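data.cif (mmCIF, C-alpha atoms) appears below.
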```
data_work
loop_
_atom_site.label_atom_id
_atom_site.label_comp_id
_atom_site.auth_asym_id
_atom_site.auth_seq_id
_atom_site.Cartn_x
_atom_site.Cartn_y
_atom_site.Cartn_z
CA MET A 1 -16.93 -22.96 22.78
CA ALA A 2 -13.50 -21.81 23.94
CA SER A 3 -13.08 -18.27 25.19
CA SER A 4 -10.25 -15.93 25.98
CA LYS A 5 -9.70 -12.68 27.84
CA ALA A 6 -7.92 -11.29 24.78
CA ASP A 7 -8.51 -11.01 21.05
CA LEU A 8 -5.59 -9.77 18.97
CA HIS A 9 -7.08 -9.94 15.47
CA THR A 10 -10.21 -7.90 14.72
CA HIS A 11 -11.56 -5.66 11.97
CA SER A 12 -13.86 -2.66 11.99
CA SER A 13 -15.87 -0.81 9.37
CA TYR A 14 -12.74 1.13 8.48
CA SER A 15 -11.51 -1.89 6.54
CA ASP A 16 -13.84 -4.82 5.86
CA GLY A 17 -15.68 -5.36 9.14
CA LEU A 18 -19.29 -4.40 9.81
CA LEU A 19 -18.97 -2.82 13.27
CA THR A 20 -17.63 0.66 13.86
CA PRO A 21 -14.57 0.86 16.14
CA THR A 22 -16.85 2.08 18.95
CA GLU A 23 -19.25 -0.85 18.46
CA LEU A 24 -16.30 -3.25 18.35
CA VAL A 25 -14.95 -1.94 21.66
CA GLU A 26 -18.40 -2.07 23.25
CA ARG A 27 -18.86 -5.66 22.11
CA ALA A 28 -15.44 -6.62 23.47
CA ALA A 29 -16.23 -5.04 26.83
CA SER A 30 -19.63 -6.76 26.99
CA LYS A 31 -17.90 -10.11 26.50
CA GLY A 32 -15.47 -9.44 29.34
CA LEU A 33 -12.33 -9.04 27.24
CA GLU A 34 -9.33 -7.42 28.92
CA VAL A 35 -7.20 -6.92 25.78
CA LEU A 36 -8.40 -6.04 22.27
CA ALA A 37 -6.29 -5.25 19.21
CA LEU A 38 -7.85 -3.40 16.29
CA THR A 39 -6.05 -4.68 13.18
CA ASP A 40 -7.78 -3.28 10.11
CA HIS A 41 -6.35 -4.13 6.69
CA ASP A 42 -3.66 -1.65 5.57
CA CYS A 43 -5.50 1.04 7.56
CA THR A 44 -5.26 2.70 10.98
CA ASP A 45 -8.08 5.23 10.52
CA GLY A 46 -10.28 3.56 13.14
CA ILE A 47 -7.70 3.60 15.94
CA ALA A 48 -8.44 7.09 17.29
CA GLU A 49 -12.15 6.27 17.62
CA ALA A 50 -11.40 2.90 19.22
CA LEU A 51 -9.02 4.43 21.77
CA GLU A 52 -11.61 7.06 22.69
CA ALA A 53 -14.31 4.41 23.08
CA ALA A 54 -12.00 2.27 25.23
CA GLN A 55 -11.60 5.09 27.75
CA LYS A 56 -15.06 4.17 29.05
CA TYR A 57 -13.79 0.69 29.92
CA PRO A 58 -10.68 0.97 32.12
CA GLN A 59 -10.52 -2.83 32.40
CA LEU A 60 -9.95 -3.08 28.61
CA LEU A 61 -6.57 -2.43 26.99
CA LEU A 62 -6.97 -1.33 23.37
CA ILE A 63 -3.88 -2.12 21.30
CA PRO A 64 -3.37 0.02 18.17
CA GLY A 65 -2.70 -2.43 15.37
CA VAL A 66 -2.86 -3.13 11.66
CA GLU A 67 -2.87 -6.11 9.30
CA LEU A 68 -0.62 -5.70 6.27
CA SER A 69 -1.28 -7.78 3.16
CA THR A 70 1.83 -9.13 1.44
CA ASP A 71 2.61 -11.48 -1.43
CA MET A 72 4.91 -14.39 -2.12
CA PRO A 73 5.14 -16.23 -5.46
CA GLN A 74 2.35 -18.74 -4.73
CA GLU A 75 0.44 -17.29 -1.79
CA GLU A 76 -0.64 -14.29 0.25
CA VAL A 77 1.00 -13.69 3.61
CA HIS A 78 -0.49 -11.34 6.21
CA VAL A 79 1.51 -9.63 8.93
CA LEU A 80 -0.06 -8.09 12.04
CA GLY A 81 1.52 -5.17 13.87
CA TYR A 82 0.83 -4.27 17.51
CA PHE A 83 1.47 -1.15 19.61
CA LEU A 84 2.65 0.68 16.52
CA ASP A 85 3.20 4.43 16.26
CA TRP A 86 0.23 4.70 13.94
CA ARG A 87 0.65 8.46 13.47
CA ASN A 88 4.14 7.99 11.98
CA PRO A 89 4.12 10.10 8.75
CA ALA A 90 6.31 7.72 6.71
CA PHE A 91 4.16 4.78 7.79
CA GLN A 92 0.96 6.60 6.85
CA ASP A 93 2.37 7.57 3.44
CA ARG A 94 3.04 3.91 2.73
CA LEU A 95 -0.46 2.90 3.89
CA ASP A 96 -2.01 5.57 1.66
CA HIS A 97 -0.15 4.12 -1.30
CA LEU A 98 -1.33 0.59 -0.46
CA ARG A 99 -4.93 1.76 -0.10
CA ARG A 100 -4.85 3.42 -3.52
CA SER A 101 -3.67 0.13 -4.98
CA ARG A 102 -6.61 -1.64 -3.28
CA ILE A 103 -9.06 0.69 -5.09
CA GLU A 104 -7.43 -0.05 -8.43
CA ARG A 105 -7.53 -3.77 -7.61
CA GLY A 106 -11.24 -3.63 -6.73
CA GLN A 107 -12.10 -1.93 -10.00
CA LYS A 108 -10.13 -4.53 -11.96
CA MET A 109 -12.00 -7.35 -10.17
CA LEU A 110 -15.31 -5.74 -11.11
CA ALA A 111 -14.20 -5.64 -14.74
CA LYS A 112 -13.33 -9.36 -14.60
CA LEU A 113 -16.69 -10.17 -13.00
CA ARG A 114 -18.45 -8.17 -15.70
CA ARG A 115 -16.74 -10.29 -18.36
CA LEU A 116 -18.05 -13.35 -16.49
CA GLY A 117 -21.60 -12.00 -16.73
CA ILE A 118 -21.75 -10.53 -13.22
CA ALA A 119 -22.41 -6.79 -13.33
CA LEU A 120 -21.93 -4.86 -10.08
CA SER A 121 -22.07 -1.16 -9.27
CA TRP A 122 -18.81 0.35 -8.02
CA GLN A 123 -20.88 2.99 -6.25
CA ARG A 124 -22.83 0.28 -4.40
CA ILE A 125 -19.61 -1.46 -3.35
CA LYS A 126 -18.26 1.84 -1.98
CA GLU A 127 -21.52 2.25 -0.05
CA ILE A 128 -21.09 -1.21 1.46
CA ALA A 129 -17.47 -0.42 2.36
CA GLY A 130 -18.50 2.85 4.02
CA ASP A 131 -15.43 4.55 5.48
CA GLY A 132 -13.33 1.47 4.87
CA ALA A 133 -11.00 0.65 1.99
CA VAL A 134 -12.76 -1.50 -0.59
CA GLY A 135 -11.83 -5.17 -0.26
CA ARG A 136 -12.97 -8.54 -1.55
CA PRO A 137 -15.53 -9.00 1.28
CA HIS A 138 -17.35 -5.86 0.11
CA ILE A 139 -17.49 -7.21 -3.45
CA ALA A 140 -18.71 -10.56 -2.10
CA LEU A 141 -21.48 -8.84 -0.13
CA ALA A 142 -22.55 -6.92 -3.26
CA MET A 143 -22.64 -10.19 -5.21
CA LEU A 144 -24.76 -11.80 -2.51
CA GLU A 145 -27.09 -8.79 -2.33
CA ALA A 146 -27.61 -8.88 -6.11
CA GLY A 147 -28.36 -12.61 -6.06
CA HIS A 148 -25.32 -13.71 -8.08
CA ILE A 149 -24.28 -16.18 -5.36
CA SER A 150 -26.09 -18.10 -2.63
CA SER A 151 -23.56 -17.55 0.18
CA PHE A 152 -20.74 -15.21 1.14
CA GLU A 153 -18.19 -18.06 0.95
CA GLU A 154 -19.29 -18.95 -2.58
CA ALA A 155 -17.93 -15.63 -3.86
CA PHE A 156 -14.41 -16.64 -2.82
CA ASP A 157 -14.76 -20.32 -3.74
CA LEU A 158 -15.91 -19.56 -7.28
CA TYR A 159 -14.71 -16.06 -8.18
CA LEU A 160 -12.61 -14.00 -5.76
CA GLY A 161 -10.26 -16.49 -4.13
CA ARG A 162 -6.63 -16.70 -5.19
CA ASN A 163 -6.30 -18.24 -8.69
CA LYS A 164 -10.07 -17.91 -9.25
CA PRO A 165 -11.33 -16.18 -12.44
CA ALA A 166 -12.02 -12.72 -10.93
CA TYR A 167 -8.97 -12.61 -8.66
CA VAL A 168 -6.52 -9.74 -9.14
CA GLU A 169 -3.10 -9.51 -7.53
CA ARG A 170 -2.36 -6.55 -5.28
CA GLU A 171 0.69 -4.36 -5.60
CA LYS A 172 3.52 -6.47 -4.26
CA ILE A 173 4.99 -5.95 -0.81
CA THR A 174 6.96 -8.84 0.63
CA PRO A 175 6.47 -10.21 4.16
CA ALA A 176 9.98 -9.04 5.10
CA GLU A 177 9.19 -5.53 3.83
CA ALA A 178 6.00 -5.53 5.93
CA VAL A 179 7.91 -6.59 9.06
CA GLN A 180 10.46 -3.85 8.42
CA LEU A 181 7.71 -1.28 7.80
CA LEU A 182 6.07 -2.17 11.11
CA THR A 183 9.38 -2.20 12.97
CA ASP A 184 10.22 1.25 11.59
CA ALA A 185 6.88 2.43 13.02
CA SER A 186 7.83 0.95 16.44
CA GLY A 187 5.36 -1.90 15.99
CA LEU A 188 5.64 -5.51 17.14
CA PRO A 189 5.18 -7.72 14.03
CA VAL A 190 3.37 -11.07 14.18
CA LEU A 191 2.77 -13.52 11.33
CA ALA A 192 -0.98 -13.97 10.78
CA HIS A 193 -2.76 -17.35 10.26
CA PRO A 194 0.34 -19.33 9.20
CA ARG A 195 -1.24 -22.81 9.18
CA ASP A 196 -1.53 -23.14 5.41
CA LEU A 197 1.77 -21.59 4.33
CA LEU A 198 3.49 -23.82 1.81
CA ASN A 199 7.02 -23.61 3.22
CA PRO A 200 7.02 -21.61 6.48
CA GLU A 201 10.44 -22.48 7.90
CA PRO A 202 12.69 -20.36 5.61
CA LEU A 203 10.14 -17.53 5.80
CA LEU A 204 10.13 -17.58 9.60
CA VAL A 205 13.93 -17.46 9.72
CA GLU A 206 13.91 -14.46 7.37
CA LEU A 207 11.14 -12.65 9.24
CA LYS A 208 12.67 -13.34 12.66
CA GLU A 209 15.87 -11.67 11.45
CA ALA A 210 13.77 -8.71 10.25
CA GLY A 211 12.09 -8.31 13.65
CA LEU A 212 9.17 -10.76 13.85
CA ILE A 213 8.21 -11.40 17.50
CA GLY A 214 5.31 -13.86 17.21
CA ILE A 215 2.99 -16.00 15.10
CA GLU A 216 -0.73 -16.71 15.29
CA VAL A 217 -1.09 -20.13 16.85
CA TYR A 218 -4.69 -19.70 18.05
CA TYR A 219 -7.05 -18.69 15.24
CA GLN A 220 -10.63 -19.08 14.04
CA ASP A 221 -11.06 -22.72 13.03
CA TYR A 222 -7.66 -24.17 13.91
CA SER A 223 -7.83 -27.76 15.15
CA GLN A 224 -6.02 -28.86 18.29
CA GLN A 225 -3.58 -30.72 16.06
CA ALA A 226 -2.79 -27.55 14.08
CA ILE A 227 -2.41 -25.57 17.31
CA GLU A 228 0.05 -28.09 18.74
CA ARG A 229 2.08 -28.10 15.53
CA LEU A 230 2.25 -24.31 15.45
CA LEU A 231 3.12 -24.18 19.15
CA GLU A 232 6.14 -26.34 18.40
CA VAL A 233 7.09 -24.03 15.53
CA ALA A 234 6.73 -20.96 17.77
CA HIS A 235 8.90 -22.47 20.50
CA ARG A 236 11.54 -23.60 18.01
CA HIS A 237 11.87 -20.09 16.59
CA ASP A 238 11.46 -18.34 19.96
CA LEU A 239 8.28 -16.55 18.86
CA LEU A 240 5.28 -15.62 20.99
CA PRO A 241 2.28 -17.91 20.31
CA LEU A 242 -0.53 -15.37 19.89
CA GLY A 243 -3.88 -15.33 18.12
CA GLY A 244 -7.30 -13.91 17.56
CA SER A 245 -10.72 -14.48 16.07
CA ASP A 246 -10.21 -12.43 12.86
CA PHE A 247 -13.63 -10.99 13.75
CA HIS A 248 -15.42 -9.09 10.95
CA GLY A 249 -19.02 -9.30 12.16
CA ILE A 250 -20.10 -10.54 8.73
CA GLY A 251 -21.01 -14.09 9.70
CA GLY A 252 -20.32 -17.22 7.71
CA GLU A 253 -19.16 -20.69 8.68
CA HIS A 254 -15.66 -19.58 9.73
CA GLU A 255 -16.65 -16.44 11.65
CA ARG A 256 -15.94 -16.50 15.36
CA ASP A 257 -17.15 -13.94 17.87
CA LEU A 258 -14.79 -11.72 19.81
CA GLY A 259 -12.79 -13.74 22.32
CA ASP A 260 -14.24 -17.09 21.18
CA ILE A 261 -10.80 -18.60 20.67
CA LEU A 262 -8.54 -20.68 22.86
CA LEU A 263 -5.87 -18.01 23.44
CA PRO A 264 -3.97 -18.43 26.72
CA PHE A 265 -3.40 -15.15 28.52
CA GLU A 266 0.28 -15.79 29.35
CA PRO A 267 1.65 -14.98 25.85
CA VAL A 268 -0.62 -11.91 25.74
CA GLU A 269 0.98 -10.74 28.98
CA GLN A 270 4.40 -11.40 27.44
CA LEU A 271 3.41 -9.24 24.44
CA ILE A 272 2.35 -6.43 26.76
CA ALA A 273 5.56 -6.80 28.78
CA LEU A 274 7.61 -6.54 25.58
CA ALA A 275 5.69 -3.40 24.62
CA ARG A 276 6.45 -1.89 28.03
CA GLN A 277 10.10 -2.91 27.74
CA ARG A 278 10.32 -1.10 24.39
CA GLN A 279 8.30 1.83 25.78
CA LEU A 280 5.53 1.33 23.23
CA LEU A 281 2.52 1.59 25.52
CA GLN A 282 2.93 5.34 25.46
CA ALA A 283 2.13 5.13 21.71
CA SER A 284 -1.50 4.38 22.57
CA PRO A 285 -2.75 7.23 24.78
#
```
Give the structure from the file, written as structure tokens.
Amino acid sequence: MASSKADLHTHSSYSDGLLTPTELVERAASKGLEVLALTDHDCTDGIAEALEAAQKYPQLLLIPGVELSTDMPQEEVHVLGYFLDWRNPAFQDRLDHLRRSRIERGQKMLAKLRRLGIALSWQRIKEIAGDGAVGRPHIALAMLEAGHISSFEEAFDLYLGRNKPAYVEREKITPAEAVQLLTDASGLPVLAHPRDLLNPEPLLVELKEAGLIGIEVYYQDYSQQAIERLLEVAHRHDLLPLGGSDFHGIGGEHERDLGDILLPFEPVEQLIALARQRQLLQASP
């Protein structure tokens, strides 16, 4: 199993992960990580707790981050943001709006599931989500708990995945709009898990012009062949080759533990150097 001193893609209980920000930081420290980015979905509510927890571990740099969900005509595109000014009022107003749309989306998915003969309690799903914004993983866990499916992955394969019968589109925000939103909040935008994008080249050109600084080359279950292909893409577009485990703590065949990815430390150091150059490290006291 590969391992790294950094993990730049993780989720806490404030979005759709199981661990609290404090537990996430403690786990990262116990595994010897030196750099950890908290990148909850459309939410920065866990950052303050994570930063406080990280003060106990001076060897660990906690990067305030976020993962924004965006849409293109045939696919979802996710954009990570690092070292952002997460207290920025305009940025938080936009996140609040996106979170409200996630609640509406969750309720619509429950209505679709009900028409398919799968009745779930919205109250129970909110309990599973805890402090986090309701997302598809919470609905999947409720389905598993109620015995409607035999595995977490089955919920997405049969019902909740894109173009499946209970899938509901989110409110549209384009990848370029997400990059601009992050840039306006002093963040460093990175394209998340790009391996399966249908036509990445024009998108990368557009996002690079908007302020994109990197792409995820090292991720979860990427093969060496996929990594080498994405490395070439990163070099061609002069983007930092970054990555992370996309840790949720939920388990499943694709889940990787914190740091259990082949992420070289050199591009992580380049990310940190860029943050220092742009005077962004002061945004994470």
### Task
Pick out the closest residue to Asn163 of chain A from this set: A:Glu34, A:Glu75, A:Leu197, A:Leu281. Count only C-alpha atoms.
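Of A:Glu34, A:Glu75, A:Leu197, A:Leu281, the one nearest Asn163 of chain A, counting only C-alpha atoms, is A:Glu75.
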### Task
Run the PyMOL selection byres ((chain A and resi 184) around 10) against the file shown and list the residues it catches, as a list of chain:residue names.
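Evaluating the PyMOL selection byres ((chain A and resi 184) around 10) on these coordinates yields A:Leu84, A:Asp85, A:Asn88, A:Ala90, A:Phe91, A:Ala178, A:Val179, A:Gln180, A:Leu181, A:Leu182, A:Thr183, A:Ala185, A:Ser186, A:Gly187, A:Leu188, A:Gly211.
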### Message
When you look at Ala142 of chain A with a cut-off of 8 Å (counting all atoms listed in the file), what residues show up, excluding the ones that are within fewer than 6 positions of it in the same chain? I need them as a count of residues only.
### Response
4
### Message
Between atom CA of Arg27 of chain A and atom CA of Ile272 of chain A, what is the distance in Å, rounded to a tenth?
### Response
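Separation of atom CA of Arg27 of chain A and atom CA of Ile272 of chain A: 21.7 Å.
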### Query
Can you list, as a PyMOL selection string, every protein, DNA or RNA residue that comes within 10 Å of segment 240-250 of chain A when you count all atoms listed in the file, leaving out same-chain residues fewer than 6 positions away?
chain A and resi 4+6-13+15-19+24+36-40+137+141+152+190-193+212-221+227+230-234+256-268+270-271
Please dump the current selection as a PDB file, in the frame of the given file; keep C-alpha atoms.
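Output saved as result17.pdb:
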```
ATOM      1  CA  SER A   4     -10.250 -15.930  25.980  1.00  0.00           C
ATOM      2  CA  ALA A   6      -7.920 -11.290  24.780  1.00  0.00           C
ATOM      3  CA  ASP A   7      -8.510 -11.010  21.050  1.00  0.00           C
ATOM      4  CA  LEU A   8      -5.590  -9.770  18.970  1.00  0.00           C
ATOM      5  CA  HIS A   9      -7.080  -9.940  15.470  1.00  0.00           C
ATOM      6  CA  THR A  10     -10.210  -7.900  14.720  1.00  0.00           C
ATOM      7  CA  HIS A  11     -11.560  -5.660  11.970  1.00  0.00           C
ATOM      8  CA  SER A  12     -13.860  -2.660  11.990  1.00  0.00           C
ATOM      9  CA  SER A  13     -15.870  -0.810   9.370  1.00  0.00           C
ATOM     10  CA  SER A  15     -11.510  -1.890   6.540  1.00  0.00           C
ATOM     11  CA  ASP A  16     -13.840  -4.820   5.860  1.00  0.00           C
ATOM     12  CA  GLY A  17     -15.680  -5.360   9.140  1.00  0.00           C
ATOM     13  CA  LEU A  18     -19.290  -4.400   9.810  1.00  0.00           C
ATOM     14  CA  LEU A  19     -18.970  -2.820  13.270  1.00  0.00           C
ATOM     15  CA  LEU A  24     -16.300  -3.250  18.350  1.00  0.00           C
ATOM     16  CA  LEU A  36      -8.400  -6.040  22.270  1.00  0.00           C
ATOM     17  CA  ALA A  37      -6.290  -5.250  19.210  1.00  0.00           C
ATOM     18  CA  LEU A  38      -7.850  -3.400  16.290  1.00  0.00           C
ATOM     19  CA  THR A  39      -6.050  -4.680  13.180  1.00  0.00           C
ATOM     20  CA  ASP A  40      -7.780  -3.280  10.110  1.00  0.00           C
ATOM     21  CA  PRO A 137     -15.530  -9.000   1.280  1.00  0.00           C
ATOM     22  CA  LEU A 141     -21.480  -8.840  -0.130  1.00  0.00           C
ATOM     23  CA  PHE A 152     -20.740 -15.210   1.140  1.00  0.00           C
ATOM     24  CA  VAL A 190       3.370 -11.070  14.180  1.00  0.00           C
ATOM     25  CA  LEU A 191       2.770 -13.520  11.330  1.00  0.00           C
ATOM     26  CA  ALA A 192      -0.980 -13.970  10.780  1.00  0.00           C
ATOM     27  CA  HIS A 193      -2.760 -17.350  10.260  1.00  0.00           C
ATOM     28  CA  LEU A 212       9.170 -10.760  13.850  1.00  0.00           C
ATOM     29  CA  ILE A 213       8.210 -11.400  17.500  1.00  0.00           C
ATOM     30  CA  GLY A 214       5.310 -13.860  17.210  1.00  0.00           C
ATOM     31  CA  ILE A 215       2.990 -16.000  15.100  1.00  0.00           C
ATOM     32  CA  GLU A 216      -0.730 -16.710  15.290  1.00  0.00           C
ATOM     33  CA  VAL A 217      -1.090 -20.130  16.850  1.00  0.00           C
ATOM     34  CA  TYR A 218      -4.690 -19.700  18.050  1.00  0.00           C
ATOM     35  CA  TYR A 219      -7.050 -18.690  15.240  1.00  0.00           C
ATOM     36  CA  GLN A 220     -10.630 -19.080  14.040  1.00  0.00           C
ATOM     37  CA  ASP A 221     -11.060 -22.720  13.030  1.00  0.00           C
ATOM     38  CA  ILE A 227      -2.410 -25.570  17.310  1.00  0.00           C
ATOM     39  CA  LEU A 230       2.250 -24.310  15.450  1.00  0.00           C
ATOM     40  CA  LEU A 231       3.120 -24.180  19.150  1.00  0.00           C
ATOM     41  CA  GLU A 232       6.140 -26.340  18.400  1.00  0.00           C
ATOM     42  CA  VAL A 233       7.090 -24.030  15.530  1.00  0.00           C
ATOM     43  CA  ALA A 234       6.730 -20.960  17.770  1.00  0.00           C
ATOM     44  CA  ARG A 256     -15.940 -16.500  15.360  1.00  0.00           C
ATOM     45  CA  ASP A 257     -17.150 -13.940  17.870  1.00  0.00           C
ATOM     46  CA  LEU A 258     -14.790 -11.720  19.810  1.00  0.00           C
ATOM     47  CA  GLY A 259     -12.790 -13.740  22.320  1.00  0.00           C
ATOM     48  CA  ASP A 260     -14.240 -17.090  21.180  1.00  0.00           C
ATOM     49  CA  ILE A 261     -10.800 -18.600  20.670  1.00  0.00           C
ATOM     50  CA  LEU A 262      -8.540 -20.680  22.860  1.00  0.00           C
ATOM     51  CA  LEU A 263      -5.870 -18.010  23.440  1.00  0.00           C
ATOM     52  CA  PRO A 264      -3.970 -18.430  26.720  1.00  0.00           C
ATOM     53  CA  PHE A 265      -3.400 -15.150  28.520  1.00  0.00           C
ATOM     54  CA  GLU A 266       0.280 -15.790  29.350  1.00  0.00           C
ATOM     55  CA  PRO A 267       1.650 -14.980  25.850  1.00  0.00           C
ATOM     56  CA  VAL A 268      -0.620 -11.910  25.740  1.00  0.00           C
ATOM     57  CA  GLN A 270       4.400 -11.400  27.440  1.00  0.00           C
ATOM     58  CA  LEU A 271       3.410  -9.240  24.440  1.00  0.00           C
TER      59      LEU A 271
END
```
